Every structure is written in C-alpha cells, then in structure tokens.
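Okay, final_11.tsv now, which holds TSV, C-alpha atoms:
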```tsv
chain	number	residue	atom	x	y	z
J	1	MET	CA	42.39	62.92	-17.66
J	2	ASN	CA	42.35	64.31	-21.19
J	3	LEU	CA	44.56	62.68	-23.79
J	4	SER	CA	47.23	65.41	-23.89
J	5	LYS	CA	47.89	65.07	-20.16
J	6	ARG	CA	48.04	61.30	-20.41
J	7	LEU	CA	50.49	61.50	-23.30
J	8	ALA	CA	52.68	63.95	-21.39
J	9	ALA	CA	52.73	61.53	-18.45
J	10	GLU	CA	53.70	58.62	-20.74
J	11	LEU	CA	56.48	60.67	-22.32
J	12	PHE	CA	57.82	61.74	-18.93
J	13	GLY	CA	57.56	58.23	-17.50
J	14	THR	CA	59.30	56.53	-20.42
J	15	PHE	CA	62.00	59.18	-20.30
J	16	TRP	CA	62.59	58.18	-16.65
J	17	LEU	CA	62.59	54.47	-17.51
J	18	VAL	CA	65.36	54.90	-20.09
J	19	LEU	CA	67.38	57.41	-18.09
J	20	GLY	CA	67.15	55.37	-14.90
J	21	GLY	CA	67.32	51.84	-16.26
J	22	CYS	CA	69.69	52.29	-19.20
J	23	GLY	CA	71.57	54.95	-17.25
J	24	SER	CA	72.40	52.44	-14.54
J	25	ALA	CA	73.81	50.09	-17.19
J	26	VAL	CA	75.80	52.77	-19.01
J	27	LEU	CA	77.09	54.80	-16.06
J	28	ALA	CA	77.18	52.49	-13.06
J	29	ALA	CA	77.13	48.79	-13.99
J	30	ASN	CA	80.89	48.46	-14.44
J	31	PHE	CA	82.03	51.54	-12.57
J	32	ALA	CA	85.14	50.85	-10.49
J	33	GLY	CA	85.79	54.30	-9.05
J	34	PRO	CA	88.59	54.93	-6.59
J	35	VAL	CA	87.89	51.55	-4.99
J	36	HIS	CA	87.75	48.52	-7.27
J	37	GLY	CA	84.44	46.72	-7.49
J	38	LEU	CA	82.00	49.56	-6.80
J	39	GLY	CA	80.01	48.88	-9.97
J	40	ILE	CA	76.42	47.79	-9.41
J	41	GLY	CA	76.63	44.89	-11.90
J	42	PHE	CA	73.73	43.33	-13.75
J	43	VAL	CA	71.85	42.70	-10.50
J	44	GLY	CA	71.90	46.42	-9.79
J	45	VAL	CA	70.79	47.19	-13.34
J	46	SER	CA	67.89	44.76	-12.94
J	47	LEU	CA	66.83	46.48	-9.76
J	48	ALA	CA	67.16	49.91	-11.37
J	49	PHE	CA	64.73	49.00	-14.15
J	50	GLY	CA	62.25	47.66	-11.62
J	51	LEU	CA	62.55	50.81	-9.52
J	52	THR	CA	61.91	53.10	-12.47
J	53	VAL	CA	58.61	51.37	-13.17
J	54	LEU	CA	57.64	51.15	-9.49
J	55	THR	CA	58.30	54.85	-8.85
J	56	MET	CA	56.55	56.00	-12.01
J	57	ALA	CA	53.56	53.72	-11.37
J	58	TYR	CA	52.93	55.61	-8.13
J	59	ALA	CA	53.72	58.97	-9.73
J	60	ILE	CA	51.66	58.79	-12.95
J	61	GLY	CA	49.59	55.62	-12.70
J	62	HIS	CA	46.53	57.69	-11.82
J	63	ILE	CA	47.13	59.93	-14.83
J	64	SER	CA	47.94	57.65	-17.76
J	65	GLY	CA	48.00	54.13	-16.34
J	66	CYS	CA	51.81	54.20	-16.52
J	67	HIS	CA	52.27	51.93	-19.53
J	68	LEU	CA	55.74	53.25	-20.55
J	69	ASN	CA	55.85	50.47	-23.11
J	70	PRO	CA	54.15	49.94	-26.51
J	71	ALA	CA	53.83	46.22	-25.77
J	72	VAL	CA	51.98	46.95	-22.53
J	73	THR	CA	49.64	49.33	-24.34
J	74	VAL	CA	48.89	46.72	-27.03
J	75	GLY	CA	48.46	43.93	-24.48
J	76	LEU	CA	46.05	45.97	-22.38
J	77	THR	CA	44.05	46.77	-25.52
J	78	VAL	CA	43.82	43.09	-26.49
J	79	ALA	CA	42.66	42.31	-22.94
J	80	GLY	CA	39.92	44.92	-23.22
J	81	ARG	CA	41.48	47.26	-20.66
J	82	PHE	CA	42.48	50.13	-22.98
J	83	PRO	CA	40.76	51.84	-25.95
J	84	ALA	CA	42.23	51.00	-29.35
J	85	ARG	CA	41.87	54.62	-30.51
J	86	ASP	CA	44.56	55.72	-28.02
J	87	VAL	CA	47.16	53.07	-28.88
J	88	LEU	CA	49.04	55.02	-31.57
J	89	PRO	CA	49.27	58.29	-29.58
J	90	TYR	CA	50.51	56.38	-26.54
J	91	VAL	CA	53.15	54.54	-28.58
J	92	VAL	CA	54.38	57.78	-30.17
J	93	ALA	CA	54.66	59.44	-26.75
J	94	GLN	CA	56.52	56.44	-25.32
J	95	VAL	CA	59.03	56.28	-28.17
J	96	LEU	CA	59.61	60.02	-28.03
J	97	GLY	CA	60.19	59.82	-24.26
J	98	ALA	CA	62.64	56.96	-24.76
J	99	VAL	CA	64.61	58.84	-27.42
J	100	LEU	CA	64.77	61.96	-25.25
J	101	GLY	CA	65.89	59.87	-22.28
J	102	ALA	CA	68.61	58.28	-24.39
J	103	TYR	CA	69.71	61.71	-25.60
J	104	VAL	CA	70.11	63.07	-22.07
J	105	LEU	CA	71.95	59.90	-21.08
J	106	SER	CA	74.32	60.31	-24.04
J	107	VAL	CA	75.09	63.88	-22.96
J	108	ILE	CA	75.88	62.74	-19.41
J	109	ALA	CA	77.92	59.72	-20.50
J	110	SER	CA	79.93	61.79	-22.97
J	111	GLY	CA	81.29	63.77	-20.03
J	112	ASN	CA	83.68	60.86	-19.49
J	113	PRO	CA	86.56	61.15	-22.01
J	114	ASP	CA	86.88	57.35	-22.15
J	115	PHE	CA	83.25	56.84	-23.15
J	116	HIS	CA	82.58	55.76	-26.72
J	117	LEU	CA	78.91	55.43	-27.53
J	118	VAL	CA	79.14	52.66	-30.16
J	119	ALA	CA	81.88	50.67	-28.45
J	120	ASN	CA	80.07	50.90	-25.11
J	121	GLY	CA	76.88	49.54	-26.65
J	122	PHE	CA	74.85	52.19	-24.81
J	123	ALA	CA	72.58	49.59	-23.16
J	124	SER	CA	71.14	48.65	-26.56
J	125	ASN	CA	69.57	45.26	-27.14
J	126	GLY	CA	70.79	42.58	-29.51
J	127	TYR	CA	71.24	38.95	-30.42
J	128	GLY	CA	74.12	36.93	-31.85
J	129	GLU	CA	77.32	38.91	-31.54
J	130	ARG	CA	75.40	41.76	-29.91
J	131	SER	CA	73.98	39.53	-27.19
J	132	PRO	CA	75.90	39.77	-23.89
J	133	GLY	CA	76.03	35.97	-23.79
J	134	HIS	CA	76.12	35.56	-27.60
J	135	TYR	CA	72.69	33.95	-27.72
J	136	ALA	CA	71.35	33.26	-31.21
J	137	LEU	CA	68.28	34.82	-32.82
J	138	PRO	CA	65.81	31.99	-31.98
J	139	ALA	CA	66.77	32.04	-28.30
J	140	ALA	CA	66.47	35.83	-28.19
J	141	PHE	CA	63.07	35.77	-29.88
J	142	VAL	CA	61.67	33.14	-27.53
J	143	CYS	CA	63.12	34.89	-24.49
J	144	GLU	CA	61.64	38.29	-25.36
J	145	THR	CA	58.26	36.80	-26.25
J	146	VAL	CA	57.93	34.70	-23.11
J	147	MET	CA	59.26	37.37	-20.75
J	148	THR	CA	56.90	40.00	-22.12
J	149	ALA	CA	53.96	37.60	-21.95
J	150	PHE	CA	54.60	36.97	-18.26
J	151	PHE	CA	55.19	40.68	-17.64
J	152	LEU	CA	51.77	41.48	-19.10
J	153	PHE	CA	50.19	38.58	-17.22
J	154	VAL	CA	51.49	40.05	-13.95
J	155	ILE	CA	50.35	43.55	-14.92
J	156	LEU	CA	46.85	42.32	-15.77
J	157	GLY	CA	46.64	40.28	-12.58
J	158	ALA	CA	48.04	42.96	-10.28
J	159	THR	CA	45.67	45.59	-11.69
J	160	ASP	CA	42.62	43.30	-11.71
J	161	LYS	CA	39.70	44.82	-9.78
J	162	ARG	CA	39.74	41.72	-7.55
J	163	ALA	CA	43.45	42.09	-6.63
J	164	PRO	CA	44.54	43.83	-3.39
J	165	ALA	CA	44.40	47.56	-3.97
J	166	GLY	CA	47.56	49.69	-3.91
J	167	PHE	CA	50.13	46.94	-4.36
J	168	ALA	CA	50.20	46.67	-8.16
J	169	PRO	CA	53.29	48.91	-8.65
J	170	ILE	CA	55.31	46.74	-6.27
J	171	ALA	CA	54.38	43.50	-8.04
J	172	ILE	CA	55.00	45.00	-11.48
J	173	GLY	CA	58.33	46.56	-10.50
J	174	LEU	CA	59.58	43.33	-8.93
J	175	CYS	CA	58.42	41.37	-11.97
J	176	LEU	CA	60.46	43.60	-14.26
J	177	THR	CA	63.46	43.18	-11.95
J	178	LEU	CA	63.12	39.39	-12.15
J	179	ILE	CA	62.79	39.52	-15.93
J	180	HIS	CA	66.07	41.45	-16.15
J	181	LEU	CA	67.82	39.00	-13.83
J	182	ILE	CA	66.83	36.21	-16.22
J	183	SER	CA	67.31	37.81	-19.61
J	184	ILE	CA	70.11	40.38	-19.48
J	185	PRO	CA	72.62	37.72	-20.62
J	186	VAL	CA	70.38	36.82	-23.56
J	187	THR	CA	69.34	40.15	-25.11
J	188	ASN	CA	70.31	42.79	-22.56
J	189	THR	CA	66.56	42.68	-21.81
J	190	SER	CA	64.05	44.67	-23.75
J	191	VAL	CA	60.42	43.53	-23.22
J	192	ASN	CA	59.78	47.12	-24.29
J	193	PRO	CA	60.05	48.37	-27.90
J	194	ALA	CA	60.38	52.01	-26.81
J	195	ARG	CA	63.22	51.22	-24.39
J	196	SER	CA	65.03	49.42	-27.24
J	197	THR	CA	64.43	52.16	-29.78
J	198	GLY	CA	65.86	55.02	-27.70
J	199	PRO	CA	69.43	53.70	-27.31
J	200	ALA	CA	69.44	52.08	-30.78
J	201	MET	CA	68.84	55.45	-32.44
J	202	PHE	CA	72.14	56.68	-31.00
J	203	VAL	CA	74.19	53.53	-31.53
J	204	GLY	CA	73.01	52.98	-35.11
J	205	GLY	CA	74.31	50.19	-37.32
J	206	ALA	CA	73.57	46.68	-36.09
J	207	ALA	CA	71.56	48.01	-33.14
J	208	VAL	CA	69.04	49.46	-35.59
J	209	ASP	CA	69.23	46.43	-37.91
J	210	GLN	CA	68.24	44.14	-35.03
J	211	LEU	CA	65.60	46.47	-33.62
J	212	TRP	CA	62.78	44.64	-35.43
J	213	LEU	CA	63.02	41.72	-32.99
J	214	PHE	CA	62.52	44.01	-30.01
J	215	TRP	CA	59.27	45.26	-31.51
J	216	VAL	CA	57.88	42.00	-32.87
J	217	ALA	CA	58.66	39.62	-29.98
J	218	PRO	CA	57.47	41.86	-27.09
J	219	ILE	CA	54.25	42.78	-28.90
J	220	LEU	CA	53.62	39.11	-29.72
J	221	GLY	CA	54.14	38.20	-26.07
J	222	ALA	CA	51.81	41.00	-24.98
J	223	VAL	CA	49.09	39.85	-27.37
J	224	ILE	CA	49.36	36.29	-26.02
J	225	ALA	CA	48.98	37.53	-22.44
J	226	GLY	CA	46.13	39.81	-23.44
J	227	ILE	CA	44.25	36.79	-24.76
J	228	VAL	CA	45.24	34.26	-22.09
J	229	TYR	CA	44.77	36.30	-18.88
J	230	PRO	CA	41.03	37.00	-19.32
J	231	LEU	CA	40.50	33.31	-20.11
J	232	VAL	CA	42.39	32.17	-17.01
J	233	ALA	CA	41.00	34.82	-14.67
J	234	GLY	CA	37.46	34.85	-16.00
J	235	GLU	CA	37.76	38.62	-16.18
J	236	ARG	CA	35.31	39.23	-19.00
J	237	HIS	CA	32.74	36.96	-17.35
J	238	VAL	CA	33.05	38.97	-14.13
J	239	GLU	CA	32.64	42.28	-15.99
J	240	GLN	CA	29.56	40.99	-17.84
J	241	SER	CA	28.06	39.81	-14.53
J	242	GLU	CA	28.67	43.24	-12.99
J	243	ARG	CA	26.99	44.97	-15.93
J	244	VAL	CA	23.97	42.66	-15.66
J	245	ARG	CA	23.72	43.33	-11.90
J	246	VAL	CA	23.94	47.11	-12.40
J	247	THR	CA	21.33	46.98	-15.17
J	248	ALA	CA	19.00	44.89	-13.01
```

Could you render the structure from this file as structure tokens?
Amino acid sequence: MNLSKRLAAELFGTFWLVLGGCGSAVLAANFAGPVHGLGIGFVGVSLAFGLTVLTMAYAIGHISGCHLNPAVTVGLTVAGRFPARDVLPYVVAQVLGAVLGAYVLSVIASGNPDFHLVANGFASNGYGERSPGHYALPAAFVCETVMTAFFLFVILGATDKRAPAGFAPIAIGLCLTLIHLISIPVTNTSVNPARSTGPAMFVGGAAVDQLWLFWVAPILGAVIAGIVYPLVAGERHVEQSERVRVTA
C-alpha cells in the first residue's frame, strides 16, 4: 500500500478508537437510563477499548498495520518492524484521527443538556487530582510505562512470523482490555499518546498541562519493549538466518 492509503487507514482507525473507547466512557459508563444501573461501568469501557482495536485490526491491519498509537509506531520501529521514515507521518495521522474522533464525540455528548465537557472530564487522562483514584505522578508514570511495554510486547509476539496466523487481533484486543481493567483507576488509561491528546484538546486546562506524561511514559515503555522483545524472542537472529538461507 502507498503511504497516503496507509495514513488514511491510520486516521480512520484512530478515529474509531477514540469514538468507540472514549465514547463508551463518556456516553455509557455511568448511564442509568429509565432503569437504574444500566451503565456499562469501567469493565464495559475496558472491553470497548479492546473491541475497537480488535475490529480495526481485522479491518485495516492489511493496509497500515493498524498501529492507531504513536507509541506502537515507535516501538515497532525500535524493534526493526517499521521504517523510521514513516514514523512522523503515522503519528500525525493518528493524532489527527484522535482529535476528529473527540470532536464527533463532543458533538454527540453535547446533545444531552446535562453534559458539561470540562466537568465530565471527557475521558481525558490525568494524575493527582485528575486521576480517578487520585494516584500521584510517580505511580501514574510507572503504570503507563509498564502497561505500554507489555502492550508492545504482546503486539510484537502476536505478530511474530512464528506465532499462529490470524489470531493477533484477538490477543492484542484482549491485552488492551486487560490493561484498562488494571489502570483505569490510576490514569483513566492511556498507553496511547494520540488517544490522550484528542480528549485533552477539548477539555483544556489541567488535561493539557498533564498531557506530557501520556506522551513520555507510553513511548518510553514502547522503546523498552522494542529492545527487549527481539532479545527474548531471538527475532533478529531468526531473520538473519532466513536471509542467509535465502542467499545460499
């Protein structure tokens, strides 16, 4: 696929991630409706994020690789799976898709007269007073770094040439669900700088002030996984052996 088609796929996919994942948190997590208790809660939100990645992986994985996440793009580059020249265009497309997704979500949510974007939090990420469980900065930083590192480790393992074919989207989607189940109370779960940037642009204030953490920690975690996975899996050794065999 040429670059423009891949970028369009990344934009579309990240749009879906924010609309589906953050939308579940904004519109449905605490919804009571005519019968009390119909909200999906944080378990439902966790599942929604996993489903957005799973569905898009099958829909656009063959087009762009379905990164939907600057940290994933960087981690794959460090691991030798993605060309460095395409990192910046991918990141721009992902952030733009996230902002557009957040915009559409804001239009939908504003249809409720009781909705207030800033007071609601709009599924933005944060630490300290902005953390759902009031977790401090160090805890938030460690959480985002470790969770993203394991997310990338699963992505690299599930998409390894030696892994069972066709099941990678399921493993990756379930991994993201698990990550949300663990870390929503800590940071509202980012592990994705684009996902954090979209809602923060509309909330403003402290959400933007704290956005740096949700770029630095996920990318750091991705870099760690990009270095560690090939060492653990012997991936580069396998690729070199294959090249030698083909040459011979």

**OP:** Can you work out which one of J:Leu3, J:Leu51, J:Val104, J:Val43 has the shortest atom-to-atom distance to Ser64 (chain J), counting only C-alpha atoms?
**Re:**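 Among J:Leu3, J:Leu51, J:Val104, J:Val43, it is J:Leu3 that comes nearest to Ser64 (chain J).
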
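Between CA of Asn69 (chain J) and CA of Glu129 (chain J) the separation is 25.8 Å.
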
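Take CA of Leu156 (chain J) and CA of Phe214 (chain J): the distance between them is 21.2 Å.
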
Original post:
In Å, with one decimal, what is the gap from CA of Leu211 (chain J) to CA of Val91 (chain J)?
Top reply: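 Separation between CA of Leu211 (chain J) and CA of Val91 (chain J): 15.7 Å.
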
**OP:** Would you please work out which residue, of J:Gly61, J:Gly126, J:Pro83, J:Gly13, is nearest to Ala207 (chain J) when using only C-alpha atoms?
**Re:** J:Gly126

**OP:** Would you please work out which residue, of J:Leu96, J:Met201, J:Ala165, J:Ile63, is nearest to Gly121 (chain J) when using only C-alpha atoms?
**Re:** J:Met201

**OP:** Write out as a PyMOL selection string which residues come within 10 Å of Ala217 (chain J) when counting all atoms listed in the file, dropping same-chain ones fewer than 2 positions away.
**Re:** chain J and resi 71+140-149+190-193+212-215+219-223
